[in-house]
Every structure is written in structure tokens, then in C-alpha cells.
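Visitor: Got a structure for you, run20.txt, holding compact mmCIF, C-alpha atoms and all ligand atoms.
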# COMPACT_ATOMS: atom_id res chain seq x y z
CA MET A 2 0.00 0.00 0.00
CA ARG A 3 1.40 3.40 -0.98
CA ALA A 4 1.34 6.29 1.47
CA LYS A 5 -1.22 8.94 0.51
CA LYS A 6 -1.25 12.44 1.88
CA LEU A 7 -3.25 12.25 5.08
CA GLU A 8 -4.10 15.27 7.18
CA LYS A 9 -5.55 13.74 10.33
CA ILE A 10 -4.44 10.42 11.78
CA LEU A 11 -5.79 8.68 14.85
CA ILE A 12 -3.60 6.10 16.60
CA ARG A 13 -5.44 3.88 19.06
CA GLY A 14 -2.68 3.16 21.57
CA PRO A 15 -2.02 0.04 23.66
CA ASN A 16 -3.67 -0.31 27.06
CA TRP A 17 -0.66 -1.50 29.07
CA VAL A 18 2.36 0.56 30.06
CA GLY A 19 4.91 -1.92 28.69
CA ASP A 20 3.14 -2.22 25.34
CA ALA A 21 2.68 1.55 25.28
CA VAL A 22 6.48 1.93 25.44
CA LEU A 23 7.13 -0.79 22.88
CA ALA A 24 4.75 0.93 20.44
CA ILE A 25 6.83 4.14 20.43
CA PRO A 26 9.06 3.17 17.46
CA ALA A 27 5.96 2.42 15.36
CA MET A 28 4.47 5.79 16.30
CA LYS A 29 7.72 7.54 15.40
CA ALA A 30 7.70 5.75 12.05
CA VAL A 31 4.19 7.05 11.34
CA ARG A 32 5.32 10.57 12.24
CA ALA A 33 8.31 10.29 9.89
CA LEU A 34 6.05 9.13 7.08
CA PHE A 35 3.50 11.91 7.62
CA PRO A 36 5.50 14.85 9.02
CA ASP A 37 2.74 17.37 8.33
CA ALA A 38 -0.25 15.35 9.49
CA GLU A 39 -2.01 16.02 12.77
CA ILE A 40 -1.53 12.83 14.78
CA THR A 41 -3.89 12.19 17.69
CA LEU A 42 -3.26 9.35 20.11
CA LEU A 43 -6.29 7.82 21.85
CA VAL A 44 -5.23 6.02 25.04
CA ARG A 45 -6.37 5.08 28.51
CA PRO A 46 -5.63 7.70 31.22
CA PHE A 47 -3.08 5.53 33.03
CA VAL A 48 -0.72 5.45 30.04
CA ALA A 49 -1.39 8.99 28.72
CA GLY A 50 1.41 10.50 30.82
CA LEU A 51 3.96 8.53 28.84
CA TYR A 52 3.34 10.73 25.81
CA ALA A 53 2.84 14.10 27.52
CA ALA A 54 5.91 15.61 25.84
CA ALA A 55 6.28 13.22 22.91
CA PRO A 56 7.25 15.16 19.78
CA PHE A 57 5.82 12.46 17.50
CA ILE A 58 2.26 13.00 18.76
CA ASP A 59 0.30 16.24 18.34
CA LYS A 60 -2.62 15.52 20.65
CA VAL A 61 -3.07 12.97 23.40
CA TRP A 62 -6.73 12.06 23.85
CA SER A 63 -7.31 10.16 27.06
CA GLU A 64 -10.49 8.13 27.64
CA ALA A 65 -11.23 5.58 30.34
CA LYS A 66 -12.52 2.19 29.22
CA PRO A 67 -16.22 2.85 28.56
CA SER A 68 -18.28 1.23 31.29
CA ARG A 69 -21.64 2.08 29.72
CA LEU A 70 -22.88 1.91 26.16
CA THR A 71 -23.60 5.63 26.23
CA ASP A 72 -19.87 6.34 26.88
CA TRP A 73 -18.87 4.09 24.02
CA ILE A 74 -21.31 5.88 21.69
CA ARG A 75 -20.05 9.30 22.82
CA ILE A 76 -16.44 8.39 22.03
CA THR A 77 -17.45 6.93 18.67
CA ARG A 78 -19.36 10.11 17.85
CA ASP A 79 -16.36 12.23 18.90
CA ILE A 80 -14.14 10.27 16.54
CA ARG A 81 -16.66 10.80 13.73
CA ASN A 82 -16.84 14.55 14.44
CA ARG A 83 -13.06 14.90 14.35
CA GLN A 84 -12.99 13.53 10.79
CA PHE A 85 -9.83 11.46 10.82
CA ASP A 86 -8.48 10.21 7.49
CA MET A 87 -6.92 7.10 8.96
CA ALA A 88 -7.05 5.07 12.18
CA LEU A 89 -4.12 2.88 13.15
CA LEU A 90 -5.21 0.24 15.65
CA LEU A 91 -2.45 -1.06 17.88
CA PRO A 92 -4.68 -3.16 20.20
CA ASN A 93 -6.13 -6.28 18.63
CA SER A 94 -9.58 -5.93 20.17
CA PHE A 95 -12.76 -6.41 18.15
CA GLU A 96 -14.21 -3.39 19.92
CA SER A 97 -11.50 -0.99 18.76
CA ALA A 98 -12.04 -1.91 15.10
CA LEU A 99 -15.83 -1.72 15.43
CA MET A 100 -15.56 1.76 16.92
CA MET A 101 -13.50 3.05 13.97
CA LEU A 102 -15.85 1.45 11.46
CA LEU A 103 -18.95 2.99 13.07
CA ALA A 104 -17.13 6.33 13.39
CA GLY A 105 -16.73 6.31 9.62
CA VAL A 106 -12.92 6.59 9.56
CA PRO A 107 -12.22 5.86 5.88
CA GLN A 108 -8.89 4.04 6.30
CA ARG A 109 -8.61 1.51 9.14
CA VAL A 110 -5.31 -0.28 9.67
CA GLY A 111 -4.79 -3.13 12.10
CA TYR A 112 -4.06 -6.81 12.54
CA ALA A 113 -6.76 -9.05 11.11
CA THR A 114 -7.29 -10.94 14.35
CA GLU A 115 -10.31 -11.46 16.60
CA GLY A 116 -12.61 -11.80 13.55
CA ARG A 117 -12.16 -8.17 12.56
CA GLN A 118 -10.86 -8.49 8.98
CA TRP A 119 -14.20 -7.23 7.56
CA MET A 120 -13.95 -4.01 9.60
CA LEU A 121 -10.47 -3.07 8.42
CA THR A 122 -9.48 -1.53 5.10
CA ASN A 123 -5.90 -2.65 5.65
CA GLY A 124 -6.00 -5.85 7.65
CA VAL A 125 -2.57 -7.32 8.27
CA THR A 126 -2.04 -11.02 8.85
CA ALA A 127 0.43 -11.65 11.66
CA GLY A 128 3.32 -14.03 10.92
CA SER A 129 3.19 -17.52 12.40
CA LYS A 130 6.38 -17.01 14.40
CA SER A 131 6.17 -14.96 17.57
CA VAL A 132 8.22 -11.79 17.33
CA HIS A 133 9.19 -9.18 19.86
CA GLN A 134 6.22 -6.95 20.69
CA MET A 135 8.06 -3.88 19.42
CA GLN A 136 8.64 -5.61 16.08
CA TYR A 137 4.99 -6.68 16.03
CA TYR A 138 3.90 -3.03 16.06
CA LEU A 139 6.55 -2.10 13.50
CA ASP A 140 5.39 -4.87 11.16
CA LEU A 141 1.91 -3.36 11.31
CA VAL A 142 2.97 0.12 10.23
CA LYS A 143 4.98 -1.31 7.34
CA VAL A 144 1.64 -1.78 5.58
CA ILE A 145 1.31 2.00 5.22
CA SER A 146 4.89 2.17 3.87
CA ALA A 147 6.41 3.45 7.09
CA ILE A 148 10.19 2.97 7.20
CA VAL A 149 11.14 0.89 10.21
CA GLU A 150 14.80 -0.02 9.67
CA SER A 151 16.31 1.89 12.59
CA PRO A 152 13.70 1.80 15.33
CA SER A 153 14.26 4.28 18.10
CA ILE A 154 12.46 3.71 21.36
CA GLU A 155 14.17 6.49 23.28
CA ILE A 156 12.07 8.84 25.34
CA GLU A 157 13.09 11.76 27.52
CA ALA A 158 11.69 12.97 30.78
CA THR A 159 10.63 16.59 30.95
CA ALA A 160 12.24 19.04 33.38
CA HIS A 161 8.93 19.16 35.23
CA GLU A 162 8.89 15.36 35.63
CA ARG A 163 12.47 15.34 36.90
CA ASN A 164 11.87 18.21 39.33
CA THR A 165 8.68 16.66 40.69
CA ALA A 166 10.50 13.36 41.15
CA ARG A 167 13.42 14.97 42.94
CA ARG A 168 11.08 16.79 45.31
CA LEU A 169 9.34 13.50 46.13
CA LEU A 170 12.68 11.74 46.61
CA ALA A 171 13.87 14.52 48.92
CA ARG A 172 10.71 14.23 51.01
CA GLU A 173 11.32 10.49 51.26
CA GLY A 174 14.92 10.88 52.39
CA ILE A 175 17.07 10.89 49.22
CA PRO A 176 18.88 14.25 49.02
CA ILE A 177 18.63 16.34 45.86
CA GLU A 178 21.32 15.22 43.38
CA ALA A 179 22.22 12.10 45.38
CA PRO A 180 22.72 9.04 43.15
CA PHE A 181 20.28 6.22 43.73
CA LEU A 182 19.22 2.85 42.33
CA VAL A 183 15.63 1.77 41.82
CA LEU A 184 14.08 -1.57 42.72
CA SER A 185 10.85 -2.64 41.03
CA PRO A 186 10.01 -5.86 42.89
CA GLY A 187 6.31 -6.12 42.02
CA ALA A 188 4.49 -7.48 38.99
CA ALA A 189 0.82 -6.74 38.57
CA TYR A 190 0.29 -9.82 36.43
CA GLY A 191 0.96 -12.29 39.25
CA THR A 192 3.46 -13.86 41.61
CA ALA A 193 5.04 -16.05 38.91
CA LYS A 194 6.93 -13.01 37.59
CA ARG A 195 8.26 -11.98 41.00
CA TRP A 196 11.79 -12.58 42.18
CA TYR A 197 12.21 -12.77 45.95
CA GLU A 198 12.07 -9.90 48.39
CA ASP A 199 15.12 -11.02 50.38
CA ARG A 200 17.19 -11.28 47.19
CA PHE A 201 16.10 -7.83 45.99
CA ALA A 202 17.15 -6.49 49.39
CA ASN A 203 20.46 -8.32 49.24
CA VAL A 204 21.24 -6.98 45.76
CA ALA A 205 20.31 -3.45 46.78
CA GLU A 206 22.40 -3.56 49.95
CA THR A 207 25.43 -4.92 48.08
CA LEU A 208 25.28 -2.45 45.20
CA ALA A 209 24.35 0.54 47.33
CA ARG A 210 27.43 -0.03 49.50
CA GLU A 211 29.75 -0.63 46.55
CA LEU A 212 28.55 2.25 44.42
CA GLY A 213 27.51 4.76 47.07
CA PHE A 214 23.88 4.76 46.00
CA TYR A 215 20.67 5.37 47.91
CA VAL A 216 17.84 2.91 47.24
CA ALA A 217 14.32 3.76 46.05
CA VAL A 218 11.62 1.10 45.80
CA ILE A 219 8.77 1.71 43.35
CA GLY A 220 5.48 -0.06 42.79
CA SER A 221 1.74 0.35 43.01
CA GLU A 222 -0.25 1.10 46.15
CA THR A 223 -1.02 -2.61 46.56
CA GLU A 224 2.70 -3.40 46.29
CA ARG A 225 3.58 -1.04 49.13
CA PRO A 226 3.86 -3.86 51.68
CA ILE A 227 6.40 -5.59 49.42
CA ALA A 228 8.43 -2.37 49.23
CA ALA A 229 8.20 -1.92 53.01
CA ARG A 230 9.39 -5.46 53.74
CA ILE A 231 12.34 -5.05 51.37
CA CYS A 232 13.36 -1.74 52.95
CA GLU A 233 13.21 -3.29 56.41
CA ARG A 234 15.93 -5.69 55.31
CA ILE A 235 18.23 -2.95 53.97
CA VAL A 236 20.59 -1.08 56.29
CA CYS A 237 21.51 1.60 53.69
CA ALA A 238 19.21 4.61 53.27
CA THR A 239 16.01 3.76 51.40
CA ALA A 240 12.87 5.49 50.16
CA ILE A 241 9.55 3.75 49.65
CA LEU A 242 7.89 5.31 46.60
CA ALA A 243 5.35 2.53 45.98
CA GLY A 244 1.90 4.04 45.70
CA LYS A 245 3.27 7.60 45.65
CA THR A 246 4.03 8.17 41.98
CA SER A 247 1.87 9.14 39.03
CA LEU A 248 3.18 7.87 35.72
CA GLU A 249 4.79 11.26 35.06
CA THR A 250 6.55 11.25 38.44
CA LEU A 251 7.65 7.66 37.90
CA ILE A 252 9.22 8.69 34.59
CA GLY A 253 11.05 11.47 36.42
CA VAL A 254 12.25 9.09 39.16
CA LEU A 255 13.55 6.60 36.62
CA ALA A 256 15.20 9.31 34.51
CA GLU A 257 17.01 10.62 37.60
CA SER A 258 18.15 7.15 38.70
CA SER A 259 21.52 5.54 38.03
CA LEU A 260 20.42 1.90 37.90
CA MET A 261 17.22 -0.15 37.80
CA ILE A 262 16.78 -3.72 39.09
CA THR A 263 13.39 -5.04 38.07
CA ASN A 264 11.03 -7.89 37.39
CA ASP A 265 9.38 -8.07 33.96
CA SER A 266 7.09 -5.04 34.30
CA GLY A 267 5.91 -1.79 32.74
CA PRO A 268 8.50 0.36 34.60
CA MET A 269 11.22 -1.93 33.19
CA HIS A 270 10.30 -0.79 29.68
CA ILE A 271 10.17 2.87 30.70
CA ALA A 272 13.64 2.69 32.30
CA ALA A 273 15.08 0.97 29.23
CA ALA A 274 13.55 3.58 26.90
CA LEU A 275 15.01 6.37 29.07
CA GLY A 276 18.46 4.79 28.68
CA VAL A 277 18.79 3.93 32.37
CA PRO A 278 21.03 0.87 33.00
CA THR A 279 18.38 -1.81 33.57
CA VAL A 280 18.78 -5.35 34.90
CA ALA A 281 15.61 -7.34 34.20
CA ILE A 282 14.91 -10.64 35.94
CA PHE A 283 12.89 -13.01 33.79
CA GLY A 284 11.35 -16.40 34.59
CA SER A 285 7.84 -17.29 33.48
CA THR A 286 7.71 -14.88 30.56
CA ASP A 287 9.49 -14.80 27.22
CA GLU A 288 12.24 -12.20 26.96
CA THR A 289 12.36 -12.63 23.19
CA VAL A 290 8.81 -11.23 23.03
CA THR A 291 8.58 -8.80 25.95
CA GLY A 292 12.19 -8.18 26.94
CA PRO A 293 13.37 -4.60 27.51
CA TYR A 294 14.65 -2.87 24.41
CA GLY A 295 17.76 -0.73 24.64
CA LEU A 296 21.52 -0.88 24.66
CA ARG A 297 21.83 -0.48 28.42
CA THR A 298 19.83 -3.52 29.44
CA ARG A 299 20.71 -6.98 30.75
CA ILE A 300 18.38 -9.91 31.20
CA VAL A 301 19.07 -12.42 33.95
CA LYS A 302 17.25 -15.71 33.52
CA HIS A 303 17.71 -19.22 34.82
CA PRO A 304 17.01 -21.77 32.08
CA VAL A 305 14.24 -24.22 32.96
CA GLU A 306 12.28 -26.52 30.68
CA CYS A 307 8.87 -25.13 31.69
CA SER A 308 9.63 -21.52 30.73
CA PRO A 309 7.96 -19.54 29.30
CA CYS A 310 4.73 -20.71 30.91
CA LEU A 311 3.08 -17.26 30.98
CA LEU A 312 1.13 -18.30 34.06
CA ARG A 313 0.13 -15.85 36.77
CA HIS A 314 1.12 -18.18 39.59
CA CYS A 315 3.60 -21.03 39.50
CA PRO A 316 1.94 -24.46 39.83
CA ILE A 317 5.23 -26.18 40.78
CA ASP A 318 8.30 -24.97 42.71
CA HIS A 319 9.07 -21.63 41.00
CA ARG A 320 12.40 -23.02 39.85
CA CYS A 321 12.76 -20.32 37.17
CA MET A 322 13.06 -17.59 39.80
CA ASN A 323 14.68 -19.71 42.47
CA GLY A 324 17.60 -20.34 40.11
CA VAL A 325 18.39 -16.63 39.71
CA THR A 326 21.08 -15.71 42.23
CA VAL A 327 22.00 -12.45 43.92
CA ASP A 328 25.51 -12.76 42.48
CA GLU A 329 24.23 -13.02 38.91
CA VAL A 330 22.09 -9.91 39.28
CA CYS A 331 24.90 -7.93 40.94
CA ARG A 332 27.32 -8.98 38.21
CA ALA A 333 24.94 -7.85 35.47
CA ALA A 334 24.45 -4.52 37.25
CA ARG A 335 28.19 -3.95 37.63
CA GLU A 336 28.74 -4.66 33.93
CA LEU A 337 26.08 -2.14 33.00
CA VAL A 338 27.37 0.69 35.17
CA GLY A 339 31.00 -0.12 34.42
CA ALA A 340 31.91 -0.82 38.03
S1 LIG B 401 5.90 -23.22 35.69
FE1 LIG B 401 8.11 -23.04 35.34
S2 LIG B 401 8.33 -21.13 34.19
FE2 LIG B 401 6.29 -21.10 35.07
S3 LIG B 401 6.53 -19.97 36.99
FE3 LIG B 401 6.74 -22.16 37.45
S4 LIG B 401 8.95 -22.59 37.36
FE4 LIG B 401 8.56 -20.62 36.35
Represent the structure from my file as C-alpha cells, please.

Guide:
Amino acid sequence: MRAKKLEKILIRGPNWVGDAVLAIPAMKAVRALFPDAEITLLVRPFVAGLYAAAPFIDKVWSEAKPSRLTDWIRITRDIRNRQFDMALLLPNSFESALMMLLAGVPQRVGYATEGRQWMLTNGVTAGSKSVHQMQYYLDLVKVISAIVESPSIEIEATAHERNTARRLLAREGIPIEAPFLVLSPGAAYGTAKRWYEDRFANVAETLARELGFYVAVIGSETERPIAARICERIVCATAILAGKTSLETLIGVLAESSLMITNDSGPMHIAAALGVPTVAIFGSTDETVTGPYGLRTRIVKHPVECSPCLLRHCPIDHRCMNGVTVDEVCRAARELVGA
């Protein structure tokens, strides 16, 4: 399909933070192909902050998942009124394609999954082999002739995000300008993805002493007890940020940090895209599909025959995570920071 001049483009963005980061190279490719078009990104509120200062998007349109039919109809009508020339659908949901069809968007581009081929003008058949999620999005935009040879996932935090983060860190005990490492020990998906609290604490204590870092522990409100238990085990100065950061503040915290030690999670992808040295601990999931993308990343994984299982909770003895040692994680971190 050849690229036509389009004036207004709507990108329906992914619903998860990690996917929202991995879609950035595809969005940049669309921007490069249509430098003069007005590109609007329709996303859920909890990922909107990721694109607040993104130069490849003109307008970020944030809508919560419609809970009533009347909300769904209102959004569909809004899309119709805004008269987009093309909609690029990054989620594979039936509902997202139906919305664009009923909104009368003339060109509708997406993967022909979930029985939605008939609703798309440019339905793309996914390859049989699983590819990295970032490549999956790039393969989709190839259909509109976007050039995807040198994907760039890099993002930058704004000065406001950094300043807000530093003020929060200072309130929590990490002095302004002090170097610190970040632990991300949670995983919303389930316990199968979680490495152990005592080992996170051990890694943090070891590296903080060696490198002269403070320690900040991030996570959601529900993961606050995990963060608290880890900090109780650490003698060095720590700050519990779990439950205290918006997405924008989290971006600022990660951008200000010197090192990230993390489970497979959304913040892992943000840190990698910011260029922060990131050690990612993998077990039940497939790093070839959802691994962090960036030059300053290391994956630590213990090979077991049952991985990737993609389960939320391990039905056996969690050998994938049990096999990952503190020494391995510390070694990967030292390599990344050149210590
Ligand atoms: S089944 Fe295997 S890969 Fe899955 S969580 Fe358990 S040990 Fe890990």
C-alpha cells in the first residue's frame, strides 16, 4: 500500500504501560512518514502520561474504558466529528475496530485478528512465528509504507517530571542530586513473575554499598507492603515510593536514577527507553517477546524446561526464579554501570 497524503491520523494506543512503550518506534515511524499530518493518540488515562511531551504526537486524547454503552457511543461520535483520514489500531480488540468502522474513519489499519478483517481496510495477517512486541507493532505500520529499519524507542523525561521526582525523593529521604538505584520488585500480572524480596534487598544492599547509592523502591499502592518489607531488610538509606508516583513522576524518578533492578514489568520498559542501566529478571515470561529494548539492558534468567509458561502463579516450585542468584544480578548490574 502506498502512502497517501493524510491530514488527520488517529492512533489507538495500547492499554498497558509496557506495550505503550514498545509501540513508540511504530508511532515515530508514522510521524516520519507523515511529518505534516495532525496525529492524535487515543489512550487510557493511566498510560497517557507517557506521551505528555512526545514530539511524535500532536494531541493525546485520554479516555477511560467505557463502562456504559452511552460512553462508548459518545467516544465513537467524537471520533466521527473529528474527521480522521486514517485510524491505526495497535490493540487487537474487536471493539477498537468496530468503533473506527462505526465512526466512519475511511482508512482503518490493524491486525486481522479477533474476527475483525471485515472491519479493516488494511488488515494485516500476523506471521506464524512470535516476534518481539516492538517488532509486532513495526510490522503493522509497514503496511502503510512506514520505514522501520532503525527503530528508536528512546524517550526523555521533561524538566517538570524530573523536578517533581526529585522533590518527592527529597521528602522520602534521598537528598537532591544524590545518586540512587531503583528496585521494582512487584508485577501486577501475578506472583510467577516476581523474584524474591530477600534477594532484591540483598542486591540493593550490596550495590548501594559498593557504588555509594541510595535505594528507592517503586510499585503500586497494593505493592507497598512488598516495598516496606524489602526496605526493612536494607541497612543503607532507602525510600519507599510505591503508591506515591503518578506515571509522570515515575518517569522522572527513573530518569534521575543511576540503575534499575526489576522484574518483567511496565516500569522496566520505561527505564530501558530512558536509557537507564536496567537489569531485568525473567522467569515465566518470554524475553524474546517482551524483553526490555535498549543498549543499556541486561536480562538475567535461569534456564528451565517449563519456561515460558506465561502463568500468573507457578503451579510447581518456582524453579525459574529460584535459580536466579543475587551474584548473577549484581554482576549484570556492575557490567552495566562499568563498576
Ligand atoms: S511453571 Fe516453570 S516457568 Fe512457570 S513460573 Fe513455574 S517454574 Fe517458572

Visitor: Output the neighbourhood of ligand LIG 401 (chain B) as a ChimeraX atom specification, that is, all protein and nucleic acid residues with some atom at most 8 Å from the ligand, counting all atoms listed in the file.

Guide: /A:193-194,284-286,305-322

Visitor: Do a neighbour search on region 118-135 of chain A at 8 Å with all atoms listed in the file, toss out local chain neighbours closer than 2 positions, and write the hits as a ChimeraX atom specification.

Guide: /A:20,23-24,26-27,98-99,102,107-114,116,137-139,141,144,289-292

Visitor: Restrict the calculation to only C-alpha atoms, then for each residue of region 226-308 of chain A with any atom at most 6 Å from an atom of region 203-217 of chain A give the closest atom pair and their distance in Å to one decimal, rows by chain and rising residue number, as CSV.

Guide:
residue,atom,partner,partner_atom,distance
A:Ile235,CA,A:Glu206,CA,5.8
A:Ala238,CA,A:Tyr215,CA,5.6
A:Thr239,CA,A:Val216,CA,4.6
A:Ala240,CA,A:Ala217,CA,4.7
A:Ile241,CA,A:Ala217,CA,6.0

Visitor: Could you check the closest approach to Met100 (chain A) for each of A:Pro180, A:Arg13, A:Val31, A:Ala53 and tell me which residue wins, using all atoms listed in the file?

Guide: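 Among the listed residues, the smallest separation from Met100 (chain A) belongs to A:Arg13.
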
Visitor: Can I get the residues of region 136-226 of chain A within 9 Å of region 256-279 of chain A, each with the closest pair of atoms and their distance in Å to one decimal, using all atoms listed in the file, sorted chain first then ascending number, as CSV?

Guide:
residue,atom,partner,partner_atom,distance
A:Ser153,CA,A:Ala274,CA,8.9
A:Ile154,CA,A:Ala274,CA,5.6
A:Glu155,CA,A:Ala274,CA,4.7
A:Ile156,CA,A:Leu275,CA,5.4
A:Glu157,CA,A:Leu275,CA,5.9
A:Ala158,CA,A:Ala256,CA,6.3
A:Glu162,CA,A:Ala256,CA,8.8
A:Arg163,CA,A:Glu257,CA,6.6
A:Ala166,CA,A:Glu257,CA,7.9
A:Arg167,CA,A:Glu257,CA,7.8
A:Glu178,CA,A:Glu257,CA,8.6
A:Pro180,CA,A:Ser259,CA,6.3
A:Phe181,CA,A:Ser258,CA,5.5
A:Leu182,CA,A:Leu260,CA,4.7
A:Val183,CA,A:Met261,CA,4.7
A:Leu184,CA,A:Ile262,CA,5.0
A:Ser185,CA,A:Thr263,CA,4.6
A:Pro186,CA,A:Thr263,CA,5.9
A:Gly187,CA,A:Asn264,CA,6.8
A:Ala188,CA,A:Ser266,CA,5.9
A:Ala189,CA,A:Ser266,CA,7.8
A:Tyr190,CA,A:Ser266,CA,8.6
A:Lys194,CA,A:Asn264,CA,6.6
A:Arg195,CA,A:Asn264,CA,6.1
A:Trp196,CA,A:Asn264,CA,6.7
A:Phe201,CA,A:Ile262,CA,8.1
A:Val204,CA,A:Ile262,CA,8.7
A:Ala205,CA,A:Ile262,CA,8.5
A:Phe214,CA,A:Ser259,CA,8.3
A:Ala217,CA,A:Ser258,CA,9.0
A:Ile219,CA,A:Pro268,CA,8.9
A:Gly220,CA,A:Pro268,CA,8.7

Visitor: How would region 75-88 of chain A read, as an mmCIF file, in the frame of the given file, once N, CA, C and O atoms are built in?

Guide:
data_model
loop_
_atom_site.group_PDB
_atom_site.id
_atom_site.type_symbol
_atom_site.label_atom_id
_atom_site.label_comp_id
_atom_site.auth_asym_id
_atom_site.auth_seq_id
_atom_site.Cartn_x
_atom_site.Cartn_y
_atom_site.Cartn_z
ATOM 1 N N ARG A 75 -20.588 7.921 22.799
ATOM 2 C CA ARG A 75 -20.050 9.300 22.820
ATOM 3 C C ARG A 75 -18.662 9.352 22.201
ATOM 4 O O ARG A 75 -18.357 10.216 21.374
ATOM 5 N N ILE A 76 -17.801 8.400 22.573
ATOM 6 C CA ILE A 76 -16.440 8.390 22.030
ATOM 7 C C ILE A 76 -16.478 8.158 20.512
ATOM 8 O O ILE A 76 -15.782 8.812 19.733
ATOM 9 N N THR A 77 -17.326 7.221 20.102
ATOM 10 C CA THR A 77 -17.450 6.930 18.670
ATOM 11 C C THR A 77 -17.910 8.182 17.911
ATOM 12 O O THR A 77 -17.379 8.514 16.836
ATOM 13 N N ARG A 78 -18.870 8.889 18.503
ATOM 14 C CA ARG A 78 -19.360 10.110 17.850
ATOM 15 C C ARG A 78 -18.262 11.171 17.796
ATOM 16 O O ARG A 78 -18.090 11.866 16.795
ATOM 17 N N ASP A 79 -17.482 11.271 18.885
ATOM 18 C CA ASP A 79 -16.360 12.230 18.900
ATOM 19 C C ASP A 79 -15.369 11.925 17.780
ATOM 20 O O ASP A 79 -14.846 12.825 17.123
ATOM 21 N N ILE A 80 -15.082 10.650 17.604
ATOM 22 C CA ILE A 80 -14.140 10.270 16.540
ATOM 23 C C ILE A 80 -14.725 10.683 15.179
ATOM 24 O O ILE A 80 -14.036 11.263 14.338
ATOM 25 N N ARG A 81 -16.003 10.421 14.994
ATOM 26 C CA ARG A 81 -16.660 10.800 13.730
ATOM 27 C C ARG A 81 -16.561 12.318 13.516
ATOM 28 O O ARG A 81 -16.193 12.788 12.439
ATOM 29 N N ASN A 82 -16.838 13.077 14.570
ATOM 30 C CA ASN A 82 -16.840 14.550 14.440
ATOM 31 C C ASN A 82 -15.450 15.097 14.125
ATOM 32 O O ASN A 82 -15.321 16.138 13.496
ATOM 33 N N ARG A 83 -14.423 14.392 14.581
ATOM 34 C CA ARG A 83 -13.060 14.900 14.350
ATOM 35 C C ARG A 83 -12.539 14.588 12.954
ATOM 36 O O ARG A 83 -11.475 15.042 12.557
ATOM 37 N N GLN A 84 -13.253 13.763 12.211
ATOM 38 C CA GLN A 84 -12.990 13.530 10.790
ATOM 39 C C GLN A 84 -11.548 13.097 10.495
ATOM 40 O O GLN A 84 -10.816 13.762 9.758
ATOM 41 N N PHE A 85 -11.155 12.010 11.104
ATOM 42 C CA PHE A 85 -9.830 11.460 10.820
ATOM 43 C C PHE A 85 -9.810 10.814 9.440
ATOM 44 O O PHE A 85 -10.807 10.263 8.978
ATOM 45 N N ASP A 86 -8.633 10.875 8.796
ATOM 46 C CA ASP A 86 -8.480 10.210 7.490
ATOM 47 C C ASP A 86 -8.093 8.753 7.669
ATOM 48 O O ASP A 86 -8.374 7.921 6.807
ATOM 49 N N MET A 87 -7.393 8.467 8.753
ATOM 50 C CA MET A 87 -6.920 7.100 8.960
ATOM 51 C C MET A 87 -6.888 6.788 10.450
ATOM 52 O O MET A 87 -6.577 7.669 11.266
ATOM 53 N N ALA A 88 -7.207 5.544 10.797
ATOM 54 C CA ALA A 88 -7.050 5.070 12.180
ATOM 55 C C ALA A 88 -6.086 3.891 12.155
ATOM 56 O O ALA A 88 -6.251 2.953 11.363
#
